[in-house]
$ cat my_file22.cif   # mmCIF, C-alpha atoms and all ligand atoms
data_my_file
#
loop_
_atom_site.label_atom_id
_atom_site.label_comp_id
_atom_site.auth_asym_id
_atom_site.auth_seq_id
_atom_site.Cartn_x
_atom_site.Cartn_y
_atom_site.Cartn_z
CA MET A 1 -125.00 205.51 88.95
CA SER A 2 -122.85 202.37 88.50
CA LYS A 3 -119.18 202.63 89.38
CA LEU A 4 -116.40 201.88 86.92
CA PHE A 5 -113.94 199.11 87.92
CA VAL A 6 -110.88 198.92 85.65
CA VAL A 7 -108.95 195.62 85.60
CA PHE A 8 -105.65 195.32 83.76
CA GLY A 9 -104.83 191.75 82.76
CA ALA A 10 -108.51 190.81 82.42
CA THR A 11 -107.56 188.05 79.96
CA GLY A 12 -105.07 186.55 82.40
CA GLN A 13 -105.34 184.37 85.46
CA GLN A 14 -105.32 187.08 88.15
CA GLY A 15 -107.36 189.72 86.33
CA GLY A 16 -109.68 187.17 84.70
CA SER A 17 -110.48 185.53 88.02
CA LEU A 18 -111.14 188.92 89.57
CA VAL A 19 -113.57 189.84 86.77
CA ASP A 20 -115.37 186.50 87.18
CA TYR A 21 -115.54 187.03 90.94
CA LEU A 22 -116.96 190.56 90.63
CA LEU A 23 -119.57 189.55 88.07
CA ASN A 24 -120.67 186.55 90.11
CA ASN A 25 -120.79 188.36 93.43
CA PRO A 26 -124.36 189.56 94.13
CA THR A 27 -123.24 192.86 95.72
CA PHE A 28 -120.25 193.80 93.55
CA SER A 29 -121.94 192.80 90.30
CA LYS A 30 -124.67 195.37 91.00
CA GLN A 31 -122.17 198.06 91.97
CA TYR A 32 -119.79 197.69 89.03
CA LYS A 33 -121.94 196.36 86.18
CA ALA A 34 -124.04 198.58 83.97
CA ASP A 35 -127.63 197.38 83.75
CA LEU A 36 -129.24 197.70 80.33
CA SER A 37 -132.60 198.15 82.04
CA LYS A 38 -131.33 201.07 84.13
CA PRO A 39 -130.39 203.91 81.76
CA GLU A 40 -128.79 205.87 84.61
CA THR A 41 -126.07 203.16 84.89
CA LEU A 42 -125.05 203.42 81.23
CA PRO A 43 -123.10 206.72 80.95
CA ALA A 44 -120.30 205.48 83.24
CA ALA A 45 -119.98 202.34 81.12
CA VAL A 46 -119.51 204.14 77.80
CA GLU A 47 -117.62 207.21 79.06
CA GLY A 48 -114.42 207.69 77.09
CA ALA A 49 -115.15 204.86 74.60
CA ASP A 50 -114.32 205.30 70.92
CA VAL A 51 -116.25 202.22 69.82
CA VAL A 52 -119.26 200.58 71.44
CA PHE A 53 -120.69 197.19 70.47
CA SER A 54 -124.16 196.78 71.89
CA VAL A 55 -126.19 193.57 72.19
CA THR A 56 -129.35 192.83 74.17
CA ASN A 57 -130.82 189.48 75.05
CA TYR A 58 -134.50 189.52 74.03
CA TRP A 59 -135.09 186.17 75.72
CA ASP A 60 -134.30 187.58 79.19
CA THR A 61 -137.63 189.43 79.13
CA ALA A 62 -139.31 188.07 75.98
CA SER A 63 -140.57 191.62 75.46
CA GLY A 64 -139.90 193.61 72.30
CA GLU A 65 -140.69 196.86 74.16
CA ALA A 66 -138.14 196.03 76.87
CA GLU A 67 -135.46 195.11 74.32
CA GLU A 68 -136.14 198.26 72.32
CA ALA A 69 -135.87 200.40 75.47
CA GLN A 70 -132.55 198.74 76.40
CA GLY A 71 -131.11 199.08 72.89
CA ASN A 72 -132.18 202.72 72.55
CA ALA A 73 -130.83 203.57 76.00
CA VAL A 74 -127.33 202.26 75.17
CA ALA A 75 -127.38 204.17 71.87
CA ASP A 76 -128.48 207.37 73.67
CA ALA A 77 -125.74 206.99 76.29
CA ALA A 78 -123.09 206.28 73.66
CA ARG A 79 -124.12 209.27 71.57
CA ALA A 80 -124.11 211.55 74.63
CA ALA A 81 -120.61 210.28 75.52
CA GLY A 82 -119.30 211.21 72.06
CA VAL A 83 -118.65 207.63 70.91
CA SER A 84 -117.26 207.61 67.36
CA GLN A 85 -118.44 204.22 66.09
CA PHE A 86 -121.56 202.49 67.39
CA ILE A 87 -122.17 198.88 66.36
CA TRP A 88 -125.61 197.50 67.16
CA SER A 89 -126.31 193.77 67.12
CA SER A 90 -129.50 193.95 65.11
CA LEU A 91 -131.81 191.76 63.06
CA PRO A 92 -134.02 192.61 60.08
CA SER A 93 -137.72 193.43 60.22
CA ILE A 94 -139.43 190.24 59.07
CA ALA A 95 -142.69 192.21 58.64
CA LYS A 96 -140.94 194.42 56.08
CA ASP A 97 -138.99 191.63 54.37
CA SER A 98 -142.12 189.46 54.05
CA ASN A 99 -144.18 192.38 52.72
CA GLY A 100 -146.42 192.28 55.77
CA ARG A 101 -147.17 188.55 55.65
CA VAL A 102 -145.31 187.66 58.87
CA THR A 103 -145.76 190.25 61.58
CA ASP A 104 -145.27 188.43 64.89
CA VAL A 105 -141.49 188.01 65.10
CA ASP A 106 -141.11 190.25 68.12
CA HIS A 107 -137.37 189.71 68.73
CA PHE A 108 -136.49 190.71 65.17
CA GLU A 109 -138.85 193.73 65.02
CA SER A 110 -137.54 195.23 68.28
CA LYS A 111 -133.94 195.02 67.09
CA ALA A 112 -134.90 196.49 63.71
CA ARG A 113 -136.58 199.43 65.48
CA VAL A 114 -133.38 200.08 67.48
CA GLU A 115 -131.43 200.02 64.19
CA GLU A 116 -133.74 202.69 62.75
CA TYR A 117 -133.55 204.78 65.93
CA THR A 118 -129.75 204.54 66.03
CA LYS A 119 -129.56 205.95 62.50
CA THR A 120 -131.33 209.12 63.64
CA LEU A 121 -128.84 209.93 66.41
CA GLY A 122 -126.04 211.40 64.31
CA PHE A 123 -123.14 209.13 65.30
CA PRO A 124 -120.05 209.74 63.15
CA PHE A 125 -120.12 206.02 62.26
CA THR A 126 -122.60 203.19 62.79
CA ALA A 127 -122.73 199.56 61.65
CA PHE A 128 -125.36 196.89 62.20
CA PHE A 129 -124.33 193.32 62.90
CA HIS A 130 -126.92 190.77 61.74
CA ALA A 131 -125.99 187.37 63.14
CA GLY A 132 -127.27 184.28 61.38
CA TRP A 133 -128.50 181.17 63.17
CA TYR A 134 -125.81 180.24 65.71
CA MET A 135 -124.16 176.87 65.06
CA GLN A 136 -124.05 176.73 68.86
CA ASN A 137 -127.87 176.44 68.92
CA ALA A 138 -127.36 172.74 68.14
CA LYS A 139 -125.89 172.32 71.63
CA SER A 140 -127.30 175.13 73.76
CA ALA A 141 -129.64 178.14 73.84
CA GLY A 142 -132.19 176.15 75.78
CA LEU A 143 -133.03 174.13 72.67
CA PRO A 144 -133.36 170.34 72.81
CA PRO A 145 -130.14 168.50 71.87
CA VAL A 146 -129.49 166.31 68.86
CA THR A 147 -131.01 163.06 70.13
CA PRO A 148 -129.80 159.55 69.35
CA LEU A 149 -132.59 157.05 68.63
CA PRO A 150 -132.57 153.31 69.45
CA ASP A 151 -132.29 152.46 65.72
CA GLY A 152 -128.85 154.14 65.53
CA THR A 153 -129.98 157.35 63.80
CA ALA A 154 -130.10 160.76 65.49
CA ILE A 155 -132.52 163.66 65.09
CA PHE A 156 -132.26 167.43 65.13
CA PRO A 157 -135.11 168.77 67.28
CA PHE A 158 -136.60 170.86 64.46
CA ALA A 159 -139.33 169.68 62.09
CA TRP A 160 -137.87 171.55 59.15
CA PRO A 161 -137.96 170.50 55.50
CA ASP A 162 -134.76 169.42 53.73
CA GLU A 163 -134.77 172.45 51.45
CA LEU A 164 -135.16 175.09 54.20
CA GLU A 165 -132.21 177.49 54.07
CA LEU A 166 -130.61 179.38 56.95
CA PRO A 167 -127.44 181.46 57.29
CA TYR A 168 -125.17 179.78 59.89
CA ILE A 169 -122.52 181.45 62.06
CA ASP A 170 -120.07 180.11 64.62
CA ILE A 171 -120.71 183.00 66.99
CA THR A 172 -117.19 182.75 68.41
CA ASP A 173 -116.12 184.12 64.98
CA ILE A 174 -117.81 187.48 65.69
CA GLY A 175 -114.54 189.41 65.73
CA LYS A 176 -113.63 188.14 62.27
CA TYR A 177 -116.89 189.62 60.94
CA LEU A 178 -116.58 192.96 62.73
CA ALA A 179 -112.91 193.47 61.84
CA PRO A 180 -113.55 195.04 58.40
CA ALA A 181 -115.88 197.67 59.94
CA LEU A 182 -113.37 198.34 62.73
CA ARG A 183 -110.64 198.87 60.14
CA ASP A 184 -112.83 201.02 57.90
CA PRO A 185 -115.60 202.73 59.90
CA GLU A 186 -116.32 205.12 57.06
CA GLY A 187 -116.67 202.42 54.41
CA TRP A 188 -119.08 200.48 56.61
CA ASN A 189 -120.94 203.50 57.95
CA GLY A 190 -124.68 202.78 58.20
CA LYS A 191 -124.26 199.33 56.66
CA ARG A 192 -125.27 195.87 57.77
CA ILE A 193 -122.66 193.25 58.57
CA TYR A 194 -124.23 189.89 57.73
CA GLY A 195 -122.62 187.32 60.02
CA ALA A 196 -122.67 183.85 58.46
CA THR A 197 -120.24 181.38 56.95
CA ALA A 198 -122.78 180.30 54.36
CA ILE A 199 -126.46 179.76 53.74
CA TYR A 200 -126.95 176.03 54.26
CA THR A 201 -130.00 173.87 53.55
CA CYS A 202 -131.20 171.52 56.29
CA LYS A 203 -130.15 168.64 54.06
CA GLU A 204 -126.58 169.97 53.92
CA ILE A 205 -126.53 170.42 57.70
CA ALA A 206 -127.78 166.89 58.38
CA ASP A 207 -125.68 165.21 55.67
CA THR A 208 -122.48 166.90 56.91
CA MET A 209 -123.16 165.76 60.44
CA THR A 210 -123.85 162.25 59.19
CA ARG A 211 -120.54 162.19 57.32
CA VAL A 212 -118.51 163.61 60.23
CA THR A 213 -120.05 161.64 63.09
CA GLY A 214 -120.67 158.39 61.25
CA ARG A 215 -124.24 158.27 62.58
CA LYS A 216 -127.20 158.94 60.27
CA VAL A 217 -128.56 162.37 61.28
CA ARG A 218 -131.86 163.82 60.08
CA TYR A 219 -134.39 166.46 61.09
CA ALA A 220 -137.32 165.44 63.29
CA THR A 221 -140.80 164.82 61.97
CA LEU A 222 -143.64 166.80 63.55
CA ALA A 223 -144.72 163.66 65.40
CA GLU A 224 -141.25 163.30 66.95
CA LEU A 225 -141.28 166.77 68.54
CA PRO A 226 -142.19 167.00 72.22
CA PRO A 227 -145.78 168.24 72.65
CA SER A 228 -145.91 172.02 72.33
CA THR A 229 -146.85 174.12 75.36
CA GLY A 230 -147.94 176.77 72.85
CA SER A 231 -144.92 179.04 73.37
CA TRP A 232 -143.84 181.20 70.45
CA PRO A 233 -140.48 179.42 69.91
CA GLU A 234 -142.07 175.97 70.03
CA GLU A 235 -144.78 176.99 67.54
CA ASN A 236 -142.62 179.14 65.27
CA VAL A 237 -139.03 177.92 65.51
CA LEU A 238 -139.19 174.20 66.25
CA ARG A 239 -142.08 173.86 63.81
CA PRO A 240 -142.04 174.93 60.13
CA SER A 241 -143.89 178.25 60.63
CA PRO A 242 -144.37 181.07 58.12
CA PHE A 243 -141.43 182.76 59.93
CA MET A 244 -139.05 179.87 59.30
CA LEU A 245 -140.33 179.29 55.76
CA GLN A 246 -140.34 182.93 54.63
CA GLY A 247 -136.82 182.69 53.24
CA SER A 248 -133.32 183.52 54.40
CA PHE A 249 -133.02 186.01 57.29
CA PHE A 250 -130.68 188.04 55.13
CA GLY A 251 -133.17 188.93 52.40
CA LYS A 252 -132.76 188.70 48.63
CA ASN A 253 -129.32 190.31 48.60
CA GLY A 254 -128.02 188.09 51.40
CA PRO A 255 -125.82 185.76 49.34
CA ALA A 256 -124.21 188.70 47.49
CA GLU A 257 -123.70 190.65 50.73
CA LEU A 258 -122.07 187.61 52.36
CA LYS A 259 -119.72 187.17 49.43
CA SER A 260 -118.67 190.80 49.57
CA LEU A 261 -118.06 190.70 53.35
CA HIS A 262 -116.09 187.43 53.15
CA ALA A 263 -113.82 189.04 50.57
CA GLN A 264 -112.93 191.72 53.14
CA MET A 265 -112.31 189.31 56.02
CA ASP A 266 -108.74 188.38 56.91
CA GLU A 267 -109.66 185.13 58.59
CA ALA A 268 -111.95 182.49 57.14
CA PRO A 269 -115.16 181.88 59.10
CA THR A 270 -115.72 178.43 60.58
CA THR A 271 -117.66 176.08 58.31
CA TRP A 272 -120.42 173.82 59.64
CA GLU A 273 -118.19 170.82 58.99
CA GLU A 274 -115.37 172.37 61.06
CA TYR A 275 -117.82 173.25 63.81
CA VAL A 276 -119.22 169.71 63.95
CA LYS A 277 -115.68 168.33 64.18
CA LYS A 278 -114.52 170.69 66.91
CA SER A 279 -117.72 170.25 68.95
CA SER A 280 -117.71 166.48 69.18
CA PRO A 281 -118.79 164.36 70.95
CA TRP A 282 -122.40 165.00 69.95
CA PHE A 283 -124.22 161.99 71.33
N1 LIG A 301 -129.20 182.22 68.99
C1 LIG A 301 -129.24 182.67 67.75
O1 LIG A 301 -129.20 181.91 66.77
C2 LIG A 301 -129.29 184.17 67.51
C3 LIG A 301 -129.12 184.64 66.20
C4 LIG A 301 -129.17 186.03 65.97
C5 LIG A 301 -129.39 186.89 67.04
N2 LIG A 301 -129.56 186.38 68.30
C6 LIG A 301 -129.83 187.35 69.39
O2 LIG A 301 -128.74 187.34 70.27
C7 LIG A 301 -129.18 187.96 71.48
C8 LIG A 301 -128.48 187.30 72.63
O3 LIG A 301 -127.10 187.53 72.54
P1 LIG A 301 -126.08 186.46 73.10
O4 LIG A 301 -126.24 185.22 72.28
O5 LIG A 301 -124.76 187.08 73.20
O6 LIG A 301 -126.74 186.19 74.56
P2 LIG A 301 -126.10 185.64 75.90
O7 LIG A 301 -124.96 184.72 75.62
O8 LIG A 301 -127.26 185.16 76.71
O9 LIG A 301 -125.48 186.95 76.57
C9 LIG A 301 -126.29 188.02 76.99
C10 LIG A 301 -125.38 189.04 77.65
O10 LIG A 301 -126.16 190.20 77.99
C11 LIG A 301 -125.91 190.49 79.37
N3 LIG A 301 -127.12 191.10 79.93
C12 LIG A 301 -128.36 190.58 79.96
N4 LIG A 301 -129.21 191.43 80.57
C13 LIG A 301 -128.47 192.50 80.93
C14 LIG A 301 -128.76 193.72 81.62
N5 LIG A 301 -130.01 194.00 82.02
N6 LIG A 301 -127.76 194.60 81.82
C15 LIG A 301 -126.51 194.31 81.42
N7 LIG A 301 -126.15 193.20 80.76
C16 LIG A 301 -127.13 192.30 80.53
C17 LIG A 301 -125.58 189.16 80.00
O11 LIG A 301 -124.86 189.36 81.17
P3 LIG A 301 -125.14 188.41 82.46
O12 LIG A 301 -125.00 186.99 82.00
O13 LIG A 301 -124.11 188.84 83.44
O14 LIG A 301 -126.54 188.74 82.85
C18 LIG A 301 -124.73 188.53 78.93
O15 LIG A 301 -123.42 189.01 78.99
C19 LIG A 301 -130.69 187.76 71.56
O16 LIG A 301 -131.34 189.01 71.61
C20 LIG A 301 -131.02 187.00 70.26
O17 LIG A 301 -132.24 187.41 69.70
C21 LIG A 301 -129.49 185.06 68.57
#
$ encode --input "my_file22.cif" --output "C-alpha cells"
Amino acid sequence: MSKLFVVFGATGQQGGSLVDYLLNNPTFSKQYKADLSKPETLPAAVEGADVVFSVTNYWDTASGEAEEAQGNAVADAARAAGVSQFIWSSLPSIAKDSNGRVTDVDHFESKARVEEYTKTLGFPFTAFFHAGWYMQNAKSAGLPPVTPLPDGTAIFPFAWPDELELPYIDITDIGKYLAPALRDPEGWNGKRIYGATAIYTCKEIADTMTRVTGRKVRYATLAELPPSTGSWPEENVLRPSPFMLQGSFFGKNGPAELKSLHAQMDEAPTTWEEYVKKSSPWF
C-alpha cells in the first residue's frame, strides 16, 4: 500500500521543491506515489476525493491491455472510495468510427474500452475528456522537430496532405476545457469533452507558421522522412495512413460539439497562431 504525503504550499517554492524532490527520489517516489500498474497502491491515492481526473500514458508500455488495466484499476479504486465525479482522459474507438475499416489504433481502442467500462460502474457523475492533437507535439513527444532546410524553408516531419484536418489543443489549456464539467457535473454527466481550439487543415497550420515566423514552412514529402524502422507511429502517424486519413478524431459531430463546448468556456482556448508566437524560437 502506498503512503499518502500531504504537502501544503505545493505550488510555492518550499512545497513545490519538496514535491519535486520526493518524486525524483528513487526511494521516496516509490513510497509516496501511487503506481497505476499496482492496483493496491490506488485506494490511498483516491481516498476522500470528490473528483478524480485519470490519465494513462499508453506510450510507457505501448500495450493496449496494460493501459486498459491501469485505466480500469483507477476507475475501480475511485468508485470504491465513493468519488462523486470521475473524469477519464479517453479517446474514441477508431474501429467504430471508421465502421471497421481501421482496426489497429491500439492507444485509442484501449482508452475507449476504459470509457465503456467506467460507464458501467455507477459513478454519480462521469465525463470523458477527448484531447485533440497536442500543439506541443510540434516541439516534443519524441517526434522529430520542425527542421530548417538549406534553401531557407522548414519542414514539419509529417508527410501529410494539405487538406488533412486535425483538432488541435494547447494541452496547457486543459483546465479551461474541464471547467464547465466541474461547474456542472450533472449537465456533463456521461458526456465527452472534446478538447481542441479548432479543427485546422495542414495548410492552415503551415501557412500560419510561415506568416508568424517569416520562414516558409511546409509538410515533408514522403522522401524527406527519415527511413522507417517499421514502428507503428512511423508507419501510421508520420505517414499518411488510413488512421490519419480517416477523418477528424472527433467524428461527424465534432465541429458542432466543439462549438457548444466553447460557448460554455469562460476563457478562450489558445489558437495555433498564439501558440506559435509564444513558443518561438522554432528553428
Ligand atoms: N500527444 C497527443 O497529441 C495526445 C493526444 C490525445 C491523447 N494523448 C494521450 O495522452 C496520454 C499521455 O498523457 P500526457 O500527455 O499527460 O503524458 P505525460 O506528459 O507523459 O505524463 C504521463 C504522466 O503519467 C504518470 N505515470 C506514468 N506511468 C505511471 C504509473 N505507472 N503510475 C503512476 N503514474 C504514472 C507520469 O508520471 P512520472 O513522469 O512520474 O512517471 C506522468 O505524470 C497518452 O496515453 C496519449 O495517448 C496524447
$ closest_residue --input "my_file22.cif" --among "A:Asn99, A:Ser279, A:Thr27, A:Thr270" --to "Ile169 of chain A" --atoms "all atoms listed in the file"
A:Thr270
$ residues_near_ligand --input "my_file22.cif" --ligand "ligand LIG 301 (chain A)" --cutoff "8 Å" --atoms "all atoms listed in the file" --output "VMD selection string"
chain A and resid 23 to 24 33 to 38 55 to 60 67 70 89 to 91 107 to 108 111 130 to 137 141 171
$ closest_residue --input "my_file22.cif" --among "A:Glu65, A:Asp162, A:Asp76, A:Glu274" --to "Val46 of chain A" --atoms "only C-alpha atoms"
A:Asp76
$ atom_distance --input "my_file22.cif" --atom1 "atom CA of His262 of chain A" --atom2 "atom CA of Glu165 of chain A"
19.0 Å
$ axis_aligned_box --input "my_file22.cif" --around "segment 80-96 of chain A" --padding-each-side "8 Å" --output "AutoDock Vina command-line options"
--center_x -130.0 --center_y 200.9 --center_z 65.8 --size_x 41.4 --size_y 37.3 --size_z 35.4
$ atom_distance --input "my_file22.cif" --atom1 "atom CA of Ala138 of chain A" --atom2 "atom CA of Ala220 of chain A"
13.3 Å
$ atom_distance --input "my_file22.cif" --atom1 "atom CA of Gln14 of chain A" --atom2 "atom CA of Asp50 of chain A"
26.6 Å
$ closest_residue --input "my_file22.cif" --among "A:Val102, A:Leu261, A:Ile199, A:Val114" --to "Pro242 of chain A" --atoms "all atoms listed in the file"
A:Val102
$ closest_residue --input "my_file22.cif" --among "A:Ala154, A:Leu121, A:Met265, A:Ala80" --to "Gly175 of chain A" --atoms "all atoms listed in the file"
A:Met265
$ closest_residue --input "my_file22.cif" --among "A:Lys119, A:Lys176, A:Arg113, A:Lys216" --to "Thr153 of chain A" --atoms "only C-alpha atoms"
A:Lys216
$ closest_residue --input "my_file22.cif" --among "A:Thr118, A:Gly48, A:Pro167, A:Asp104" --to "Val74 of chain A" --atoms "all atoms listed in the file"
A:Thr118
$ closest_atom_pairs --input "my_file22.cif" --of "segment 79-155 of chain A" --to "segment 227-233 of chain A" --cutoff "10 Å" --atoms "only C-alpha atoms" --output "Markdown table"
| residue | atom | partner | partner_atom | distance |
| --- | --- | --- | --- | --- |
| A:Asp104 | CA | A:Trp232 | CA | 9.2 |
| A:Val105 | CA | A:Trp232 | CA | 9.0 |
| A:Asp106 | CA | A:Trp232 | CA | 9.7 |
| A:Leu143 | CA | A:Pro233 | CA | 9.5 |
$ residues_near_point --input "my_file22.cif" --point "(-115.4, 203.3, 59.0)" --cutoff "12 Å" --atoms "only C-alpha atoms" --output "PyMOL selection string"
chain A and resi 51+84-87+123-127+178-191
